[in-house]
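Colleague: Let me give you the structure first, and then I'll get to my questions.
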Amino acid sequence: MAAEDPATRRVQVAEHPRLLKLKEMFNSKFGSTPKFYVRAPGRVNIIGEHIDYCGYSVIPMAVEQDMLIAVEPVKTHTLQLANTDPLYPDFSTTANNICIDKTKPLWHNYFLCGFKGIQEHFGLSKLPGMNCLVDGNIPPSSGLSSSSALVCCAGLVTLTVLGLRLSKVELAEICAKSERYIGTEGGGMDQSISFLAEEGTAKLIEFSPLRATNVKLPSGAVFVIANSCVEMNKAATSHFNVRVMECRLAAKVLAKHKGLQWDNVLRLEEVQSKLGISLEEMLLVTEDALHPEPYSREEICRCLGISLEKLRTQILTPNTQDVQNKDAEQQVYI
């Protein structure tokens, strides 16, 4: 990327101990020197839990912890990934036939998501190979978006190797979409703040279209982020997608109740927008149309006039199709 690009900054590796250590580890691993480094931060959310995938605004801010990747483009078409943490094994594949197994959220698959997102955005069939060494200091599965930071890093790595340009907004949108290759149906907050964050400010992130506005933090305020050390890998279980599907079904039932074309509705904000009403009015519509008790799959099907098979195969995600525990009763909450 060009030196004047706001996402690019020249640094002296020798002046940054972490970069210097990463450079030395890269040389030990690949027998060569990285040509550039890419960084993407994690995030903490201040306001707006589990509403970005409903289309509603959130206020996150980036944290200092990040994903850092040392990169060397190579003339072969082989993608070689390594991690400074020995818990994450090396991985190698052809750059021209990326396959992502949704049933196995292994660390390298998140890199492949970002890589494939850029590839598909530009419609490329043959991509150059690269050697990459990943170093992350975001606690994994802690709710600080280590996975999304890796997806974003990979997207920016791929874009840089190809010598192409995109805006930060475009990158955020591509990476939000491509992370779904791993199986999670996220809404885009994590990728947006990773690319659009600025030092000293939180961001109001709004969608459709994606935009970010500075939210000034109180002078002298300190945010304490406590790690409970309880890990939750949202791609490894159905819990995250169950909540997304609950909200998606709520949107479809509301749309049908109000006489809207509901088949392609995915988010509650879409229903509000199609009705042309305020958020306060949307709450009243919701209270009128939906009951607070859990909905069974059979009741959802009756409301929508569809079969259980259509619900299972055309609306639910693969990892929520056959959930048989109590959570499978689609609890439609706002």
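Residues are referred to by chain and number: the chain letter is A, B, ... according to the order shown in the structure tokens, the number counts from 1 in that chain, and ligands are numbered separately from 1 in the order shown.
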For the interface of range 170-281 of chain A with range 95-117 of chain A (cut-off 7 Å, counting only C-alpha atoms), please tabulate each contacting residue of range 170-281 of chain A alongside its nearest pair of atoms and their separation in Å to one decimal, rows sorted by chain and increasing number, as a tab-separated table.

Modeller:
residue	atom	partner	partner_atom	distance
A:Ile174	CA	A:Gly117	CA	6.1
A:Cys175	CA	A:Gly114	CA	5.8
A:Ser178	CA	A:Gly117	CA	5.0
A:Glu179	CA	A:Cys113	CA	5.5
A:Tyr181	CA	A:Cys113	CA	6.1
A:Ile182	CA	A:Lys102	CA	4.8
A:Gly183	CA	A:Lys102	CA	5.3
A:Ala235	CA	A:Pro105	CA	6.0
A:Ala236	CA	A:Pro105	CA	6.1

Colleague: So which residues touch Thr320 in chain A within 7 Å, counting only C-alpha atoms, skipping near sequence neighbours fewer than 5 positions away, as a PDB file with N, CA and C atoms, in the first residue's frame?

Modeller:
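What follows is the written file around-v3.pdb:
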ATOM      1  N   SER A 238     -23.167 -23.666  19.178  1.00  0.00           N
ATOM      2  CA  SER A 238     -24.307 -23.057  18.482  1.00  0.00           C
ATOM      3  C   SER A 238     -24.879 -21.862  19.238  1.00  0.00           C
ATOM      4  N   ASN A 241     -25.069 -18.386  17.329  1.00  0.00           N
ATOM      5  CA  ASN A 241     -25.983 -18.414  16.192  1.00  0.00           C
ATOM      6  C   ASN A 241     -27.424 -18.644  16.608  1.00  0.00           C
ATOM      7  N   VAL A 242     -27.656 -19.333  17.731  1.00  0.00           N
ATOM      8  CA  VAL A 242     -29.022 -19.501  18.225  1.00  0.00           C
ATOM      9  C   VAL A 242     -29.641 -18.137  18.500  1.00  0.00           C
TER      10      VAL A 242
END

Colleague: Work out how far CA of Tyr295 in chain A is from CA of Leu249 in chain A, in Å to one decimal.

Modeller: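 About the pair CA of Leu249 in chain A and CA of Tyr295 in chain A: they are 9.9 Å apart.
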
Colleague: Residues at most 12 Å from Ser32 in chain A, counting only C-alpha atoms, excluding those fewer than 6 positions away in the same chain, as a PyMOL selection string?

Modeller: chain A and resi 23-26+70-74+130-133

Colleague: Please, could you write that set of residues out with all heavy atoms as a compact mmCIF listing (two decimals), in the first residue's frame?

Modeller:
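What ended up in result-v8.txt:
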# COMPACT_ATOMS: atom_id res chain seq x y z
N LYS A 23 10.34 -10.38 14.05
CA LYS A 23 11.23 -10.47 12.90
C LYS A 23 12.23 -11.61 13.08
O LYS A 23 12.48 -12.40 12.15
CB LYS A 23 11.98 -9.15 12.70
CG LYS A 23 12.98 -9.15 11.56
CD LYS A 23 13.71 -7.82 11.47
CE LYS A 23 14.76 -7.86 10.37
NZ LYS A 23 15.50 -6.57 10.28
N GLU A 24 12.78 -11.72 14.27
CA GLU A 24 13.76 -12.78 14.54
C GLU A 24 13.10 -14.16 14.48
O GLU A 24 13.68 -15.11 13.95
CB GLU A 24 14.39 -12.54 15.92
CG GLU A 24 15.26 -11.30 15.96
CD GLU A 24 15.69 -10.93 17.37
OE1 GLU A 24 15.15 -11.54 18.33
OE2 GLU A 24 16.57 -10.06 17.52
N MET A 25 11.90 -14.27 15.02
CA MET A 25 11.17 -15.55 14.98
C MET A 25 10.80 -15.91 13.54
O MET A 25 10.83 -17.09 13.16
CB MET A 25 9.93 -15.48 15.86
CG MET A 25 10.22 -15.34 17.34
SD MET A 25 8.72 -15.29 18.36
CE MET A 25 8.15 -16.99 18.21
N PHE A 26 10.45 -14.90 12.75
CA PHE A 26 10.12 -15.12 11.34
C PHE A 26 11.34 -15.68 10.60
O PHE A 26 11.24 -16.64 9.83
CB PHE A 26 9.66 -13.81 10.71
CG PHE A 26 9.11 -13.95 9.32
CD1 PHE A 26 7.74 -14.01 9.10
CD2 PHE A 26 9.95 -14.02 8.21
CE1 PHE A 26 7.21 -14.13 7.83
CE2 PHE A 26 9.44 -14.15 6.93
CZ PHE A 26 8.07 -14.21 6.74
N ALA A 70 3.61 -10.73 10.59
CA ALA A 70 4.77 -10.46 9.75
C ALA A 70 4.58 -11.23 8.45
O ALA A 70 4.21 -12.41 8.46
CB ALA A 70 6.05 -10.91 10.46
N VAL A 71 4.87 -10.55 7.33
CA VAL A 71 4.49 -11.11 6.02
C VAL A 71 5.64 -11.03 5.03
O VAL A 71 6.35 -10.02 4.96
CB VAL A 71 3.28 -10.35 5.43
CG1 VAL A 71 2.79 -11.04 4.16
CG2 VAL A 71 2.17 -10.22 6.45
N GLU A 72 5.77 -12.10 4.26
CA GLU A 72 6.70 -12.12 3.14
C GLU A 72 5.98 -12.71 1.93
O GLU A 72 5.64 -13.90 1.92
CB GLU A 72 7.93 -12.97 3.45
CG GLU A 72 8.89 -13.08 2.27
CD GLU A 72 9.92 -14.19 2.43
OE1 GLU A 72 9.64 -15.16 3.17
OE2 GLU A 72 10.98 -14.08 1.80
N PRO A 73 5.71 -11.92 0.89
CA PRO A 73 5.16 -12.49 -0.35
C PRO A 73 6.18 -13.43 -0.98
O PRO A 73 7.39 -13.18 -0.92
CB PRO A 73 4.92 -11.26 -1.23
CG PRO A 73 4.93 -10.10 -0.29
CD PRO A 73 5.87 -10.46 0.81
N VAL A 74 5.71 -14.52 -1.58
CA VAL A 74 6.61 -15.48 -2.24
C VAL A 74 6.11 -15.75 -3.65
O VAL A 74 4.95 -15.49 -3.97
CB VAL A 74 6.70 -16.80 -1.44
CG1 VAL A 74 7.36 -16.56 -0.09
CG2 VAL A 74 5.33 -17.43 -1.25
N MET A 130 2.38 -16.63 0.22
CA MET A 130 3.00 -15.77 1.22
C MET A 130 3.35 -16.60 2.45
O MET A 130 2.74 -17.63 2.74
CB MET A 130 2.09 -14.62 1.61
CG MET A 130 0.76 -15.02 2.22
SD MET A 130 -0.34 -13.61 2.55
CE MET A 130 -1.16 -13.44 0.96
N ASN A 131 4.37 -16.14 3.15
CA ASN A 131 4.72 -16.68 4.46
C ASN A 131 4.25 -15.69 5.51
O ASN A 131 4.53 -14.49 5.40
CB ASN A 131 6.23 -16.88 4.58
CG ASN A 131 6.76 -17.90 3.59
OD1 ASN A 131 6.06 -18.83 3.21
ND2 ASN A 131 8.01 -17.73 3.17
N CYS A 132 3.52 -16.17 6.49
CA CYS A 132 2.97 -15.29 7.52
C CYS A 132 3.23 -15.86 8.90
O CYS A 132 3.01 -17.05 9.14
CB CYS A 132 1.46 -15.12 7.34
SG CYS A 132 0.97 -14.34 5.79
N LEU A 133 3.68 -15.01 9.81
CA LEU A 133 3.85 -15.38 11.21
C LEU A 133 2.95 -14.48 12.04
O LEU A 133 3.08 -13.26 12.02
CB LEU A 133 5.30 -15.22 11.64
CG LEU A 133 5.61 -15.59 13.10
CD1 LEU A 133 5.24 -17.05 13.38
CD2 LEU A 133 7.08 -15.33 13.43

Colleague: Quick check, in Å to one decimal: how far apart do CA of Glu198 in chain A and CA of Leu22 in chain A lie?

Modeller: 24.7 Å

Colleague: For Ile47 in chain A, which residue out of A:Leu87, A:Leu81, A:Cys247, A:Ile59 is the nearest one, using only C-alpha atoms?

Modeller: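 Of A:Leu87, A:Leu81, A:Cys247, A:Ile59, the one nearest Ile47 in chain A, counting only C-alpha atoms, is A:Ile59.
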
Colleague: Extract, using only C-alpha atoms, all DNA, RNA and protein residues at most 9 Å from range 223-230 of chain A, discarding same-chain residues fewer than 4 positions from it, and format them as a list in words.

Modeller: Val44, Pro139, Ser141, Ser142 and Gly143 of chain A

Colleague: May I have the residues from that selection written out with N, CA, C and O atoms, as a PDB file, in the first residue's frame?

Modeller:
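Produced file part_5.pdb, reproduced below:
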ATOM      1  N   VAL A  44     -13.588  -3.655  22.800  1.00  0.00           N
ATOM      2  CA  VAL A  44     -14.538  -3.855  23.885  1.00  0.00           C
ATOM      3  C   VAL A  44     -15.783  -3.052  23.536  1.00  0.00           C
ATOM      4  O   VAL A  44     -15.680  -1.959  22.966  1.00  0.00           O
ATOM      5  N   PRO A 139      -6.514 -11.963  24.659  1.00  0.00           N
ATOM      6  CA  PRO A 139      -6.892 -13.246  25.259  1.00  0.00           C
ATOM      7  C   PRO A 139      -7.917 -13.966  24.389  1.00  0.00           C
ATOM      8  O   PRO A 139      -8.945 -13.384  24.031  1.00  0.00           O
ATOM      9  N   SER A 141     -10.970 -16.173  22.955  1.00  0.00           N
ATOM     10  CA  SER A 141     -12.323 -16.546  23.401  1.00  0.00           C
ATOM     11  C   SER A 141     -12.741 -15.790  24.656  1.00  0.00           C
ATOM     12  O   SER A 141     -13.449 -16.326  25.508  1.00  0.00           O
ATOM     13  N   SER A 142     -12.317 -14.530  24.758  1.00  0.00           N
ATOM     14  CA  SER A 142     -12.594 -13.729  25.957  1.00  0.00           C
ATOM     15  C   SER A 142     -13.618 -12.631  25.721  1.00  0.00           C
ATOM     16  O   SER A 142     -13.893 -11.835  26.612  1.00  0.00           O
ATOM     17  N   GLY A 143     -14.159 -12.556  24.507  1.00  0.00           N
ATOM     18  CA  GLY A 143     -15.122 -11.501  24.204  1.00  0.00           C
ATOM     19  C   GLY A 143     -14.486 -10.209  23.746  1.00  0.00           C
ATOM     20  O   GLY A 143     -15.144  -9.170  23.690  1.00  0.00           O
TER      21      GLY A 143
END

Colleague: Pick the closest to Thr84 in chain A from A:Asp52, A:Asp135, A:Glu270, A:Asp190: which is it, counting only C-alpha atoms?

Modeller: A:Asp135

Colleague: DSSP on the backbone, alpha helix (DSSP H) only: what residues of range 131-290 of chain A does that give? Format it as number ranges by chain.

Modeller: A: 146-162, 168-178, 189-196, 239-257, 268-275, 279-289

Colleague: DSSP on the backbone: which residues in range 105-274 of chain A end up as strand (DSSP E)? Give the answer as number ranges by chain.

Modeller: A: 129-136, 201-206, 211-216

Colleague: Could you check how far CA of Tyr56 in chain A sits from CA of Glu120 in chain A, in Å to one decimal?

Modeller: 26.9 Å

Colleague: Let me make sure I understand: among A:Val11, A:Leu196, A:Met61, A:Val161, which one has the smallest atom-to-atom distance to Leu217 in chain A if we use only C-alpha atoms?

Modeller: A:Met61

Colleague: So that I can see what lies close to Val285 in chain A, please list as JSON, numbers by chain the residues with an atom at most 10 Å from it, counting only C-alpha atoms and leaving out residues fewer than 4 positions away in the same chain.

Modeller: {"A": [254, 257, 258, 272, 277, 279, 280, 281, 289, 290]}

Colleague: With N, CA and C atoms retained, export the selected residues as a CSV table (one decimal), in the first residue's frame.

Modeller:
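What follows is the written file out03.csv:
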chain,number,residue,atom,x,y,z
A,254,LEU,N,-42.5,-10.6,12.7
A,254,LEU,CA,-43.0,-9.2,12.7
A,254,LEU,C,-43.4,-8.7,11.3
A,257,HIS,N,-46.5,-10.4,10.2
A,257,HIS,CA,-47.6,-9.8,10.9
A,257,HIS,C,-48.1,-8.5,10.4
A,258,LYS,N,-47.1,-7.7,9.9
A,258,LYS,CA,-47.4,-6.3,9.4
A,258,LYS,C,-47.7,-6.3,7.9
A,272,GLN,N,-38.3,-2.3,10.8
A,272,GLN,CA,-38.5,-0.9,11.2
A,272,GLN,C,-38.4,0.1,10.0
A,277,ILE,N,-41.1,3.6,10.8
A,277,ILE,CA,-41.5,4.1,12.1
A,277,ILE,C,-40.2,4.3,13.0
A,279,LEU,N,-37.9,4.0,16.6
A,279,LEU,CA,-37.5,2.9,17.4
A,279,LEU,C,-38.6,2.7,18.5
A,280,GLU,N,-39.1,3.8,19.1
A,280,GLU,CA,-40.1,3.7,20.1
A,280,GLU,C,-41.4,3.0,19.6
A,281,GLU,N,-41.7,3.4,18.4
A,281,GLU,CA,-42.9,2.8,17.7
A,281,GLU,C,-42.6,1.3,17.4
A,289,ALA,N,-47.2,-7.6,18.6
A,289,ALA,CA,-47.2,-8.7,17.7
A,289,ALA,C,-46.6,-10.0,18.3
A,290,LEU,N,-45.7,-9.9,19.3
A,290,LEU,CA,-45.0,-11.1,19.8
A,290,LEU,C,-45.4,-11.3,21.3

Colleague: Could you tell me which of A:Leu156, A:Leu124, A:Ala202, A:Val63 comes closest to Asn137 in chain A if we count only C-alpha atoms?

Modeller: A:Val63

Colleague: Quick one: residues within 8 Å of Asp66 in chain A, only C-alpha atoms, excluding same-chain residues fewer than 2 positions away - as an NGL selection string?

Modeller: :A and (39-42 or 63-64 or 68 or 136-138 or 146 or 149)

Colleague: Go ahead and write the selection's residues with all heavy atoms as a short mmCIF file (atom, residue, chain, number, x, y, z; two decimals), in the first residue's frame.

Modeller:
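What follows is the written file again15.cif:
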data_model
loop_
_atom_site.label_atom_id
_atom_site.label_comp_id
_atom_site.auth_asym_id
_atom_site.auth_seq_id
_atom_site.Cartn_x
_atom_site.Cartn_y
_atom_site.Cartn_z
N ARG A 39 -1.27 -4.93 11.48
CA ARG A 39 -1.83 -4.97 12.84
C ARG A 39 -3.32 -4.68 12.79
O ARG A 39 -3.79 -3.83 12.02
CB ARG A 39 -1.14 -3.93 13.72
CG ARG A 39 -1.78 -3.77 15.10
CD ARG A 39 -1.14 -2.62 15.87
NE ARG A 39 -1.76 -2.47 17.18
CZ ARG A 39 -2.82 -1.70 17.42
NH1 ARG A 39 -3.37 -1.00 16.44
NH2 ARG A 39 -3.32 -1.63 18.65
N ALA A 40 -4.10 -5.38 13.62
CA ALA A 40 -5.53 -5.10 13.79
C ALA A 40 -5.87 -5.27 15.27
O ALA A 40 -5.55 -6.31 15.86
CB ALA A 40 -6.39 -6.02 12.94
N PRO A 41 -6.50 -4.27 15.89
CA PRO A 41 -6.77 -4.35 17.33
C PRO A 41 -8.04 -5.13 17.65
O PRO A 41 -8.92 -5.31 16.81
CB PRO A 41 -6.96 -2.88 17.71
CG PRO A 41 -7.54 -2.25 16.48
CD PRO A 41 -6.87 -2.97 15.32
N GLY A 42 -8.10 -5.60 18.90
CA GLY A 42 -9.34 -6.14 19.43
C GLY A 42 -10.24 -5.01 19.85
O GLY A 42 -9.95 -3.83 19.61
N VAL A 63 -9.09 -1.74 21.74
CA VAL A 63 -8.18 -1.91 22.87
C VAL A 63 -6.75 -2.01 22.33
O VAL A 63 -6.53 -2.18 21.13
CB VAL A 63 -8.54 -3.16 23.70
CG1 VAL A 63 -9.90 -2.99 24.35
CG2 VAL A 63 -8.53 -4.43 22.83
N GLU A 64 -5.77 -1.88 23.21
CA GLU A 64 -4.38 -1.93 22.78
C GLU A 64 -3.97 -3.32 22.32
O GLU A 64 -3.11 -3.47 21.45
CB GLU A 64 -3.47 -1.47 23.94
CG GLU A 64 -3.62 -0.01 24.30
CD GLU A 64 -2.70 0.39 25.43
OE1 GLU A 64 -2.09 -0.52 26.05
OE2 GLU A 64 -2.59 1.60 25.71
N LEU A 68 -0.95 -9.18 15.26
CA LEU A 68 0.17 -8.64 14.49
C LEU A 68 0.70 -9.75 13.60
O LEU A 68 0.93 -10.87 14.06
CB LEU A 68 1.26 -8.15 15.45
CG LEU A 68 2.49 -7.49 14.84
CD1 LEU A 68 2.13 -6.18 14.14
CD2 LEU A 68 3.53 -7.23 15.94
N GLY A 136 -0.43 -12.77 18.48
CA GLY A 136 -1.58 -12.11 19.07
C GLY A 136 -1.46 -12.03 20.58
O GLY A 136 -1.00 -12.96 21.23
N ASN A 137 -1.87 -10.89 21.15
CA ASN A 137 -1.89 -10.77 22.61
C ASN A 137 -3.28 -10.44 23.15
O ASN A 137 -3.43 -9.96 24.26
CB ASN A 137 -0.86 -9.73 23.09
CG ASN A 137 -1.07 -8.35 22.48
OD1 ASN A 137 -2.14 -8.06 21.91
ND2 ASN A 137 -0.07 -7.49 22.59
N ILE A 138 -4.31 -10.69 22.33
CA ILE A 138 -5.70 -10.60 22.78
C ILE A 138 -6.05 -11.95 23.42
O ILE A 138 -5.91 -12.98 22.78
CB ILE A 138 -6.67 -10.33 21.62
CG1 ILE A 138 -6.24 -9.11 20.81
CG2 ILE A 138 -8.09 -10.14 22.15
CD1 ILE A 138 -7.02 -8.92 19.51
N SER A 146 -10.71 -11.47 19.33
CA SER A 146 -9.43 -11.91 18.77
C SER A 146 -9.63 -12.53 17.39
O SER A 146 -8.81 -12.33 16.49
CB SER A 146 -8.76 -12.92 19.71
OG SER A 146 -9.59 -14.05 19.92
N ALA A 149 -10.22 -9.80 14.79
CA ALA A 149 -8.97 -9.08 14.56
C ALA A 149 -8.07 -9.87 13.60
O ALA A 149 -7.41 -9.29 12.73
CB ALA A 149 -8.25 -8.81 15.87
#

Colleague: Counting only C-alpha atoms, which of A:Glu309, A:Asp263, A:Glu199, A:Glu185 gets nearest to His50 in chain A?

Modeller: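 For His50 in chain A, the nearest of the candidates is A:Glu185.
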